[in-house]
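Below is one structure, written out as structure tokens, with a few remarks after it.
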Amino acid sequence: MKYIDIEKWERKEHFNFFHRMDYPQYNICANIDISNFFDYIRTNKLSFYYAMIHSTTYIANKIINFKYRIREDKIILHDKISPSFTDMNNIDEDDLFKFVTVNMKEDIFEFAEYAEEKSKKQKEYFSFDEQVGRDDLVYITCIPWISFTHISHTITLNKNDSVPRISWGKYFNENDKVLLPFSVHVNHALVDGIHIGKYLFELQKYINNL
């Protein structure tokens, strides 16, 4: 992690413009093609959810704007970000979810096994010990019951809140493709539409070539 000198930063004007907003966060939704990804995880017996968490976080680490954070009105850049995701606690016992935070791993198989094990071992719904003081995260959730066209998030009205939120819904078939409703929620002081565009382009390319 390192601090960015705002006065010498190429985003200085854009940062100052959007950072003064009461609510600088925004959200973009799009459908992504997971046809190849779907075949890949079935062939390799991977969990769809944990494989998607890995893929989305892996690509977030490739887009520098997704690694900027606002901390006490200062800008920091993380070397690496990791996922903090929702997971159902135990569908046979209740319909409640929990927050699970894991460290990012490069290998998708190693990550999927690690994330599943970590989730199963966690008994608390909200275990914040691993999140205290951390902003090197990306928040991830899934709404697998709905093929949404838009989604919003609960959020504290804090213009320094700059942790990206990535979500997806229920996949569906259309024109011989498997499509997934996908949402990216970011702080405009750090991330513009072009960066979300780059993110979605790189994510699509990555899951196409697994």
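Going by the structure tokens order, chains are called A, B, ..., each with residues numbered from 1, while ligands are numbered from 1 in the order shown.
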### Message
Neighbouring residues of range 64-78 of chain A were defined as those with any atom within 12 Å, considering only C-alpha atoms; residues of the same chain fewer than 2 positions away were excluded. Please report them as number ranges by chain.
### Response
A: 1-9, 11-12, 15-16, 19-20, 56-62, 80-82, 133-139, 158-166, 184-199
For Ile151 in chain A, find every residue with an atom within 12 Å (counting only C-alpha atoms), except residues of its own chain fewer than 2 positions away, and show them as an mmCIF file with all heavy atoms, in the first residue's frame.
```cif
data_model
loop_
_atom_site.group_PDB
_atom_site.id
_atom_site.type_symbol
_atom_site.label_atom_id
_atom_site.label_comp_id
_atom_site.auth_asym_id
_atom_site.auth_seq_id
_atom_site.Cartn_x
_atom_site.Cartn_y
_atom_site.Cartn_z
ATOM 1 N N TYR A 26 -21.881 5.171 -7.485
ATOM 2 C CA TYR A 26 -22.840 4.856 -8.540
ATOM 3 C C TYR A 26 -22.704 3.394 -8.934
ATOM 4 O O TYR A 26 -21.755 2.714 -8.541
ATOM 5 C CB TYR A 26 -22.648 5.767 -9.765
ATOM 6 C CG TYR A 26 -21.394 5.510 -10.569
ATOM 7 C CD1 TYR A 26 -21.445 4.820 -11.781
ATOM 8 C CD2 TYR A 26 -20.147 5.958 -10.130
ATOM 9 C CE1 TYR A 26 -20.298 4.592 -12.530
ATOM 10 C CE2 TYR A 26 -18.998 5.729 -10.867
ATOM 11 C CZ TYR A 26 -19.084 5.045 -12.068
ATOM 12 O OH TYR A 26 -17.949 4.817 -12.805
ATOM 13 N N ASN A 27 -23.675 2.923 -9.710
ATOM 14 C CA ASN A 27 -23.792 1.513 -10.007
ATOM 15 C C ASN A 27 -24.098 1.303 -11.489
ATOM 16 O O ASN A 27 -24.892 2.039 -12.074
ATOM 17 C CB ASN A 27 -24.920 0.924 -9.138
ATOM 18 C CG ASN A 27 -25.292 -0.487 -9.525
ATOM 19 O OD1 ASN A 27 -24.439 -1.333 -9.670
ATOM 20 N ND2 ASN A 27 -26.579 -0.724 -9.694
ATOM 21 N N ILE A 28 -23.443 0.321 -12.102
ATOM 22 C CA ILE A 28 -23.722 -0.052 -13.485
ATOM 23 C C ILE A 28 -24.009 -1.554 -13.541
ATOM 24 O O ILE A 28 -23.280 -2.360 -12.948
ATOM 25 C CB ILE A 28 -22.543 0.292 -14.417
ATOM 26 C CG1 ILE A 28 -22.433 1.813 -14.582
ATOM 27 C CG2 ILE A 28 -22.704 -0.367 -15.783
ATOM 28 C CD1 ILE A 28 -21.288 2.256 -15.475
ATOM 29 N N CYS A 29 -25.075 -1.925 -14.257
ATOM 30 C CA CYS A 29 -25.450 -3.326 -14.427
ATOM 31 C C CYS A 29 -25.346 -3.719 -15.899
ATOM 32 O O CYS A 29 -25.665 -2.917 -16.787
ATOM 33 C CB CYS A 29 -26.876 -3.573 -13.939
ATOM 34 S SG CYS A 29 -27.116 -3.346 -12.162
ATOM 35 N N ALA A 30 -24.923 -4.943 -16.141
ATOM 36 C CA ALA A 30 -24.841 -5.464 -17.505
ATOM 37 C C ALA A 30 -24.916 -6.980 -17.439
ATOM 38 O O ALA A 30 -24.668 -7.589 -16.385
ATOM 39 C CB ALA A 30 -23.542 -5.021 -18.172
ATOM 40 N N THR A 141 -21.507 -10.051 -3.443
ATOM 41 C CA THR A 141 -22.722 -10.770 -3.063
ATOM 42 C C THR A 141 -23.383 -11.330 -4.295
ATOM 43 O O THR A 141 -23.083 -10.933 -5.428
ATOM 44 C CB THR A 141 -23.695 -9.848 -2.292
ATOM 45 O OG1 THR A 141 -24.722 -10.646 -1.686
ATOM 46 C CG2 THR A 141 -24.348 -8.830 -3.209
ATOM 47 N N CYS A 142 -24.297 -12.269 -4.083
ATOM 48 C CA CYS A 142 -24.998 -12.925 -5.178
ATOM 49 C C CYS A 142 -26.475 -13.039 -4.820
ATOM 50 O O CYS A 142 -26.822 -13.330 -3.662
ATOM 51 C CB CYS A 142 -24.393 -14.311 -5.408
ATOM 52 S SG CYS A 142 -25.249 -15.296 -6.652
ATOM 53 N N ILE A 143 -27.336 -12.769 -5.796
ATOM 54 C CA ILE A 143 -28.779 -12.922 -5.632
ATOM 55 C C ILE A 143 -29.208 -13.995 -6.640
ATOM 56 O O ILE A 143 -29.748 -13.679 -7.713
ATOM 57 C CB ILE A 143 -29.534 -11.593 -5.906
ATOM 58 C CG1 ILE A 143 -28.843 -10.412 -5.238
ATOM 59 C CG2 ILE A 143 -30.988 -11.707 -5.459
ATOM 60 C CD1 ILE A 143 -28.846 -10.453 -3.727
ATOM 61 N N ILE A 146 -32.852 -14.287 -8.606
ATOM 62 C CA ILE A 146 -33.447 -13.240 -9.435
ATOM 63 C C ILE A 146 -32.496 -12.863 -10.572
ATOM 64 O O ILE A 146 -31.328 -12.560 -10.331
ATOM 65 C CB ILE A 146 -33.748 -11.966 -8.601
ATOM 66 C CG1 ILE A 146 -34.624 -12.300 -7.390
ATOM 67 C CG2 ILE A 146 -34.407 -10.893 -9.467
ATOM 68 C CD1 ILE A 146 -34.705 -11.167 -6.376
ATOM 69 N N SER A 147 -33.018 -12.845 -11.794
ATOM 70 C CA SER A 147 -32.252 -12.307 -12.926
ATOM 71 C C SER A 147 -32.526 -10.803 -13.004
ATOM 72 O O SER A 147 -33.340 -10.350 -13.809
ATOM 73 C CB SER A 147 -32.662 -13.004 -14.235
ATOM 74 O OG SER A 147 -32.351 -14.376 -14.195
ATOM 75 N N PHE A 148 -31.857 -10.049 -12.158
ATOM 76 C CA PHE A 148 -32.179 -8.625 -12.034
ATOM 77 C C PHE A 148 -31.689 -7.816 -13.229
ATOM 78 O O PHE A 148 -30.800 -8.216 -13.969
ATOM 79 C CB PHE A 148 -31.621 -8.045 -10.731
ATOM 80 C CG PHE A 148 -30.117 -8.121 -10.586
ATOM 81 C CD1 PHE A 148 -29.269 -7.317 -11.336
ATOM 82 C CD2 PHE A 148 -29.533 -8.986 -9.661
ATOM 83 C CE1 PHE A 148 -27.891 -7.367 -11.196
ATOM 84 C CE2 PHE A 148 -28.153 -9.055 -9.510
ATOM 85 C CZ PHE A 148 -27.331 -8.237 -10.276
ATOM 86 N N THR A 149 -32.298 -6.648 -13.400
ATOM 87 C CA THR A 149 -31.829 -5.671 -14.386
ATOM 88 C C THR A 149 -31.224 -4.462 -13.697
ATOM 89 O O THR A 149 -30.598 -3.613 -14.340
ATOM 90 C CB THR A 149 -32.973 -5.213 -15.304
ATOM 91 O OG1 THR A 149 -34.037 -4.697 -14.504
ATOM 92 C CG2 THR A 149 -33.491 -6.388 -16.137
ATOM 93 N N HIS A 153 -27.609 -0.969 -3.221
ATOM 94 C CA HIS A 153 -27.016 -1.521 -2.008
ATOM 95 C C HIS A 153 -27.316 -0.633 -0.807
ATOM 96 O O HIS A 153 -27.433 0.590 -0.941
ATOM 97 C CB HIS A 153 -25.492 -1.636 -2.163
ATOM 98 C CG HIS A 153 -25.071 -2.594 -3.230
ATOM 99 N ND1 HIS A 153 -24.963 -3.948 -3.020
ATOM 100 C CD2 HIS A 153 -24.746 -2.396 -4.535
ATOM 101 C CE1 HIS A 153 -24.576 -4.539 -4.140
ATOM 102 N NE2 HIS A 153 -24.434 -3.615 -5.071
ATOM 103 N N THR A 154 -27.426 -1.268 0.352
ATOM 104 C CA THR A 154 -27.466 -0.484 1.574
ATOM 105 C C THR A 154 -26.078 0.103 1.782
ATOM 106 O O THR A 154 -25.065 -0.573 1.577
ATOM 107 C CB THR A 154 -27.832 -1.363 2.781
ATOM 108 O OG1 THR A 154 -26.914 -2.464 2.867
ATOM 109 C CG2 THR A 154 -29.247 -1.914 2.646
ATOM 110 N N ARG A 165 -18.331 -2.694 -4.761
ATOM 111 C CA ARG A 165 -19.298 -3.741 -4.467
ATOM 112 C C ARG A 165 -19.669 -4.421 -5.788
ATOM 113 O O ARG A 165 -20.138 -3.760 -6.705
ATOM 114 C CB ARG A 165 -20.527 -3.145 -3.786
ATOM 115 C CG ARG A 165 -20.250 -2.672 -2.365
ATOM 116 C CD ARG A 165 -21.247 -1.603 -1.940
ATOM 117 N NE ARG A 165 -21.177 -1.284 -0.518
ATOM 118 C CZ ARG A 165 -20.271 -0.485 0.038
ATOM 119 N NH1 ARG A 165 -19.348 0.088 -0.731
ATOM 120 N NH2 ARG A 165 -20.280 -0.250 1.330
ATOM 121 N N ILE A 166 -19.444 -5.708 -5.846
ATOM 122 C CA ILE A 166 -19.721 -6.480 -7.058
ATOM 123 C C ILE A 166 -20.804 -7.511 -6.744
ATOM 124 O O ILE A 166 -20.736 -8.203 -5.731
ATOM 125 C CB ILE A 166 -18.438 -7.156 -7.573
ATOM 126 C CG1 ILE A 166 -17.437 -6.089 -8.035
ATOM 127 C CG2 ILE A 166 -18.750 -8.140 -8.697
ATOM 128 C CD1 ILE A 166 -16.086 -6.624 -8.451
ATOM 129 N N SER A 167 -21.798 -7.577 -7.622
ATOM 130 C CA SER A 167 -22.940 -8.469 -7.400
ATOM 131 C C SER A 167 -23.339 -9.141 -8.703
ATOM 132 O O SER A 167 -23.109 -8.606 -9.786
ATOM 133 C CB SER A 167 -24.146 -7.673 -6.872
ATOM 134 O OG SER A 167 -23.777 -6.764 -5.861
ATOM 135 N N TRP A 168 -23.946 -10.297 -8.577
ATOM 136 C CA TRP A 168 -24.560 -10.919 -9.742
ATOM 137 C C TRP A 168 -25.828 -11.657 -9.324
ATOM 138 O O TRP A 168 -26.043 -11.932 -8.145
ATOM 139 C CB TRP A 168 -23.606 -11.854 -10.479
ATOM 140 C CG TRP A 168 -22.971 -12.933 -9.646
ATOM 141 C CD1 TRP A 168 -23.461 -14.185 -9.385
ATOM 142 C CD2 TRP A 168 -21.695 -12.869 -8.991
ATOM 143 N NE1 TRP A 168 -22.586 -14.896 -8.603
ATOM 144 C CE2 TRP A 168 -21.493 -14.108 -8.352
ATOM 145 C CE3 TRP A 168 -20.698 -11.880 -8.889
ATOM 146 C CZ2 TRP A 168 -20.345 -14.387 -7.608
ATOM 147 C CZ3 TRP A 168 -19.568 -12.165 -8.158
ATOM 148 C CH2 TRP A 168 -19.390 -13.395 -7.533
ATOM 149 N N GLY A 169 -26.665 -11.945 -10.327
ATOM 150 C CA GLY A 169 -27.954 -12.552 -10.058
ATOM 151 C C GLY A 169 -28.061 -13.956 -10.629
ATOM 152 O O GLY A 169 -27.069 -14.676 -10.769
ATOM 153 N N PRO A 181 -26.665 -11.622 -14.991
ATOM 154 C CA PRO A 181 -26.810 -10.215 -14.599
ATOM 155 C C PRO A 181 -25.678 -9.845 -13.635
ATOM 156 O O PRO A 181 -25.453 -10.537 -12.640
ATOM 157 C CB PRO A 181 -28.169 -10.165 -13.894
ATOM 158 C CG PRO A 181 -28.871 -11.421 -14.278
ATOM 159 C CD PRO A 181 -27.796 -12.435 -14.509
ATOM 160 N N PHE A 182 -24.977 -8.764 -13.933
ATOM 161 C CA PHE A 182 -23.753 -8.433 -13.196
ATOM 162 C C PHE A 182 -23.751 -6.949 -12.864
ATOM 163 O O PHE A 182 -24.088 -6.111 -13.706
ATOM 164 C CB PHE A 182 -22.539 -8.786 -14.055
ATOM 165 C CG PHE A 182 -21.243 -8.859 -13.317
ATOM 166 C CD1 PHE A 182 -20.868 -10.014 -12.662
ATOM 167 C CD2 PHE A 182 -20.388 -7.771 -13.283
ATOM 168 C CE1 PHE A 182 -19.662 -10.085 -11.985
ATOM 169 C CE2 PHE A 182 -19.183 -7.829 -12.619
ATOM 170 C CZ PHE A 182 -18.810 -8.996 -11.967
ATOM 171 N N SER A 183 -23.378 -6.616 -11.653
ATOM 172 C CA SER A 183 -23.415 -5.233 -11.189
ATOM 173 C C SER A 183 -22.082 -4.822 -10.583
ATOM 174 O O SER A 183 -21.445 -5.600 -9.863
ATOM 175 C CB SER A 183 -24.521 -5.072 -10.131
ATOM 176 O OG SER A 183 -24.372 -3.867 -9.405
ATOM 177 N N VAL A 184 -21.665 -3.590 -10.884
ATOM 178 C CA VAL A 184 -20.450 -3.010 -10.297
ATOM 179 C C VAL A 184 -20.830 -1.664 -9.673
ATOM 180 O O VAL A 184 -21.378 -0.793 -10.349
ATOM 181 C CB VAL A 184 -19.350 -2.805 -11.355
ATOM 182 C CG1 VAL A 184 -18.091 -2.244 -10.698
ATOM 183 C CG2 VAL A 184 -19.037 -4.108 -12.075
ATOM 184 N N HIS A 185 -20.532 -1.511 -8.399
ATOM 185 C CA HIS A 185 -20.870 -0.305 -7.631
ATOM 186 C C HIS A 185 -19.560 0.290 -7.108
ATOM 187 O O HIS A 185 -18.797 -0.383 -6.411
ATOM 188 C CB HIS A 185 -21.788 -0.691 -6.464
ATOM 189 C CG HIS A 185 -22.231 0.449 -5.614
ATOM 190 N ND1 HIS A 185 -23.479 1.002 -5.702
ATOM 191 C CD2 HIS A 185 -21.594 1.140 -4.633
ATOM 192 C CE1 HIS A 185 -23.607 1.972 -4.823
ATOM 193 N NE2 HIS A 185 -22.465 2.078 -4.162
#
```
### Query
Between A:Gln25, A:Ser35, A:Asn173, A:Thr101, which has the minimum distance to Leu210 in chain A (counting only C-alpha atoms)?
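Ranked by minimum distance to Leu210 in chain A, first place goes to A:Ser35.
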### Nearby residues (only C-alpha atoms) at most 6 Å from range 177-180 of chain A, same-chain spacing under 3 positions excluded, as an MDAnalysis selection string
chainID A and resid 31:35 171:174
With N, CA and C atoms retained, write the just-selected residues as a CSV table (one decimal), in the first residue's frame.
```csv
chain,number,residue,atom,x,y,z
A,31,ASN,N,-25.3,-7.6,-18.5
A,31,ASN,CA,-25.2,-9.1,-18.6
A,31,ASN,C,-23.9,-9.5,-19.2
A,32,ILE,N,-23.3,-10.5,-18.6
A,32,ILE,CA,-22.0,-11.0,-19.1
A,32,ILE,C,-22.3,-12.5,-19.5
A,33,ASP,N,-21.5,-12.9,-20.5
A,33,ASP,CA,-21.7,-14.2,-21.1
A,33,ASP,C,-20.8,-15.2,-20.3
A,34,ILE,N,-21.5,-16.1,-19.7
A,34,ILE,CA,-20.7,-17.1,-18.9
A,34,ILE,C,-20.8,-18.5,-19.5
A,35,SER,N,-21.1,-18.6,-20.8
A,35,SER,CA,-21.2,-19.9,-21.4
A,35,SER,C,-20.0,-20.8,-21.2
A,171,TYR,N,-28.4,-16.7,-13.4
A,171,TYR,CA,-28.1,-16.7,-14.8
A,171,TYR,C,-29.3,-17.3,-15.6
A,172,PHE,N,-29.3,-17.0,-16.9
A,172,PHE,CA,-30.4,-17.4,-17.8
A,172,PHE,C,-29.9,-17.7,-19.2
A,173,ASN,N,-30.7,-18.4,-20.0
A,173,ASN,CA,-30.3,-18.7,-21.3
A,173,ASN,C,-31.0,-17.8,-22.3
A,174,GLU,N,-30.2,-17.3,-23.3
A,174,GLU,CA,-30.7,-16.5,-24.3
A,174,GLU,C,-29.8,-16.6,-25.6
```
### Query
Which residue out of A:Lys45, A:Lys121, A:His150, A:His54 has the minimum interatomic distance to Asp107 in chain A when only C-alpha atoms are used?
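Among the listed residues, A:His54 lies closest to Asp107 in chain A.
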